[in-house]
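Colleague: Following this message is one structure expressed as structure tokens.
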Amino acid sequence: MSIKRITAIVPTESLPELEKYLRAAGVPGMTINDVCGFGEHVNYFSRDLLMSNARVEIFIGIERCQEVIDVVKCFAEETHVTAGILTVESIERLVNLNTGKDVPGADL
């Protein structure tokens, strides 16, 4: 199947701006989860040193995958995001639970 899942972990406070970038690019939707972890940037003001961030997941057709990656990278550069990661994974199958039908990558 020609669908990719783009996952970006970004600072929570940057979500409204990221949403603007993704909507302007015509991204059909995203899922957001609160996450906590540590990595390159440690929160020395927290007892457990963990940072609160947001995980943004986007399902997109393979044809638009690089475009969305570029939008997220542009967002990070232009808004001076100082922490975060982006991953891309292949999705074997995506099913719309409302209709029970497979979602073709071209629809994303």
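Chain identifiers are assigned as A, B, and so on, following the order in which chains appear in the structure tokens; residues are numbered from 1 within each chain, and ligands are numbered from 1 in order of appearance.
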Enumerate the residues of range 24-108 of chain A with a DSSP assignment of strand (DSSP E), computed from the backbone, and present them as a PyMOL selection string.

Modeller: chain A and resi 31-37+51-61+85-91

Colleague: Would you please give, as number ranges by chain, all residues of range 47-106 of chain A that DSSP assigns to alpha helix (DSSP H) based on the backbone?

Modeller: A: 65-78

Colleague: Which residues are near Gly105 in chain A? Cut-off 12 Å, only C-alpha atoms, ignore same chain within fewer than 2 positions. Put them as a PDB file with C-alpha atoms, in the first residue's frame.

Modeller:
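Final output, selection24.pdb:
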ATOM      1  CA  MET A   1       0.000   0.000   0.000  1.00  0.00           C
ATOM      2  CA  SER A   2       1.287   3.475  -0.755  1.00  0.00           C
ATOM      3  CA  ILE A   3       0.599   5.160   2.591  1.00  0.00           C
ATOM      4  CA  LYS A   4       3.151   6.617   4.996  1.00  0.00           C
ATOM      5  CA  ARG A   5       2.866   7.674   8.626  1.00  0.00           C
ATOM      6  CA  PRO A  28      -6.162  16.284   5.555  1.00  0.00           C
ATOM      7  CA  PHE A  59      -1.150   9.576   7.447  1.00  0.00           C
ATOM      8  CA  ILE A  60      -0.374  10.623   3.899  1.00  0.00           C
ATOM      9  CA  GLY A  61      -0.069   9.108   0.447  1.00  0.00           C
ATOM     10  CA  ILE A  62       3.463   8.307  -0.687  1.00  0.00           C
ATOM     11  CA  GLU A  63       3.121  10.900  -3.453  1.00  0.00           C
ATOM     12  CA  ARG A  64       2.843  13.745  -0.900  1.00  0.00           C
ATOM     13  CA  CYS A  65       5.153  12.355   1.783  1.00  0.00           C
ATOM     14  CA  SER A  90       5.304   2.576   5.732  1.00  0.00           C
ATOM     15  CA  ILE A  91       1.726   1.579   6.520  1.00  0.00           C
ATOM     16  CA  GLU A  92       0.624  -1.820   5.292  1.00  0.00           C
ATOM     17  CA  ARG A  93      -3.107  -1.126   5.479  1.00  0.00           C
ATOM     18  CA  LEU A  94      -5.369   1.749   6.563  1.00  0.00           C
ATOM     19  CA  VAL A  95      -9.060   1.058   7.186  1.00  0.00           C
ATOM     20  CA  ASP A 102      -9.596   0.422   2.935  1.00  0.00           C
ATOM     21  CA  VAL A 103      -8.378   3.978   2.429  1.00  0.00           C
ATOM     22  CA  ASP A 107      -7.167   9.884  -0.907  1.00  0.00           C
ATOM     23  CA  LEU A 108      -4.707  11.256   1.644  1.00  0.00           C
TER      24      LEU A 108
END

Colleague: Could you name the residues that touch Glu13 in chain A at 12 Å or less, counting only C-alpha atoms, but leaving out those on the same chain fewer than 3 positions away, as a list in words?

Modeller: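 So the residues in contact are Ile9, Val10, Pro16, Glu17, Leu18, Glu19, Asp34, Ser52, Asn53, Ala54, Thr79, Val81, Thr82 and Ala83 of chain A.
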
Colleague: Print the selection's residues with N, CA and C atoms to a file, as a PDB file, in the first residue's frame.

Modeller:
ATOM      1  N   ILE A   9       7.752  14.662  16.829  1.00  0.00           N
ATOM      2  CA  ILE A   9       7.669  14.987  18.248  1.00  0.00           C
ATOM      3  C   ILE A   9       8.227  16.392  18.400  1.00  0.00           C
ATOM      4  N   VAL A  10       7.362  17.296  18.865  1.00  0.00           N
ATOM      5  CA  VAL A  10       7.700  18.716  18.924  1.00  0.00           C
ATOM      6  C   VAL A  10       7.280  19.284  20.280  1.00  0.00           C
ATOM      7  N   PRO A  16       0.064  25.050  17.811  1.00  0.00           N
ATOM      8  CA  PRO A  16      -0.791  25.920  16.986  1.00  0.00           C
ATOM      9  C   PRO A  16      -0.110  26.371  15.695  1.00  0.00           C
ATOM     10  N   GLU A  17       1.165  26.677  15.775  1.00  0.00           N
ATOM     11  CA  GLU A  17       1.891  27.119  14.584  1.00  0.00           C
ATOM     12  C   GLU A  17       2.085  25.971  13.596  1.00  0.00           C
ATOM     13  N   LEU A  18       2.415  24.783  14.104  1.00  0.00           N
ATOM     14  CA  LEU A  18       2.566  23.614  13.228  1.00  0.00           C
ATOM     15  C   LEU A  18       1.251  23.322  12.518  1.00  0.00           C
ATOM     16  N   GLU A  19       0.145  23.435  13.233  1.00  0.00           N
ATOM     17  CA  GLU A  19      -1.164  23.198  12.619  1.00  0.00           C
ATOM     18  C   GLU A  19      -1.403  24.165  11.462  1.00  0.00           C
ATOM     19  N   ASP A  34      -0.039  13.716  23.910  1.00  0.00           N
ATOM     20  CA  ASP A  34       0.956  14.245  24.833  1.00  0.00           C
ATOM     21  C   ASP A  34       1.937  13.135  25.162  1.00  0.00           C
ATOM     22  N   SER A  52       8.024  17.506  28.528  1.00  0.00           N
ATOM     23  CA  SER A  52       6.690  17.273  27.965  1.00  0.00           C
ATOM     24  C   SER A  52       6.688  17.769  26.523  1.00  0.00           C
ATOM     25  N   ASN A  53       6.224  16.929  25.616  1.00  0.00           N
ATOM     26  CA  ASN A  53       6.163  17.266  24.198  1.00  0.00           C
ATOM     27  C   ASN A  53       4.856  16.747  23.622  1.00  0.00           C
ATOM     28  N   ALA A  54       4.685  16.955  22.342  1.00  0.00           N
ATOM     29  CA  ALA A  54       3.519  16.454  21.629  1.00  0.00           C
ATOM     30  C   ALA A  54       3.988  15.555  20.492  1.00  0.00           C
ATOM     31  N   THR A  79      10.240  28.751  12.774  1.00  0.00           N
ATOM     32  CA  THR A  79       9.746  29.073  14.122  1.00  0.00           C
ATOM     33  C   THR A  79      10.803  28.813  15.182  1.00  0.00           C
ATOM     34  N   VAL A  81      12.248  26.044  16.307  1.00  0.00           N
ATOM     35  CA  VAL A  81      12.044  24.922  17.212  1.00  0.00           C
ATOM     36  C   VAL A  81      13.418  24.363  17.566  1.00  0.00           C
ATOM     37  N   THR A  82      13.687  24.237  18.850  1.00  0.00           N
ATOM     38  CA  THR A  82      15.026  23.835  19.288  1.00  0.00           C
ATOM     39  C   THR A  82      15.134  22.361  19.640  1.00  0.00           C
ATOM     40  N   ALA A  83      14.020  21.641  19.619  1.00  0.00           N
ATOM     41  CA  ALA A  83      14.049  20.211  19.945  1.00  0.00           C
ATOM     42  C   ALA A  83      12.967  19.512  19.138  1.00  0.00           C
TER      43      ALA A  83
END

Colleague: Between A:Ala8, A:Val27, A:Leu97, A:Leu15, which has the minimum distance to Glu67 in chain A (counting only C-alpha atoms)?

Modeller: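 Nearest candidate to Glu67 in chain A out of A:Ala8, A:Val27, A:Leu97, A:Leu15: A:Val27.
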
Colleague: Given the choices A:Ile85, A:Tyr44, A:Pro104, A:Phe38, which gets closest to Val72 in chain A if the distance is worked out from only C-alpha atoms?

Modeller: A:Ile85

Colleague: Find, counting only C-alpha atoms, the residue in A:Thr31, A:Ser14, A:Gln66, A:Thr7 that gets nearest to Leu86 in chain A.

Modeller: A:Thr7

Colleague: For CA of Ile69 in chain A and CA of Val35 in chain A, determine how far apart the two atoms are, in Å to one decimal place.

Modeller: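 Going from CA of Ile69 in chain A over to CA of Val35 in chain A, I get 20.7 Å.
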
Colleague: Counting only C-alpha atoms, which of A:Asp70, A:Met51, A:Ala106, A:Lys20 gets nearest to Gly39 in chain A?

Modeller: A:Met51

Colleague: Which one is closest to Lys73 in chain A: A:Leu22, A:Met30, A:Leu49, A:Ile58? Count only C-alpha atoms.

Modeller: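 Nearest candidate to Lys73 in chain A out of A:Leu22, A:Met30, A:Leu49, A:Ile58: A:Leu22.
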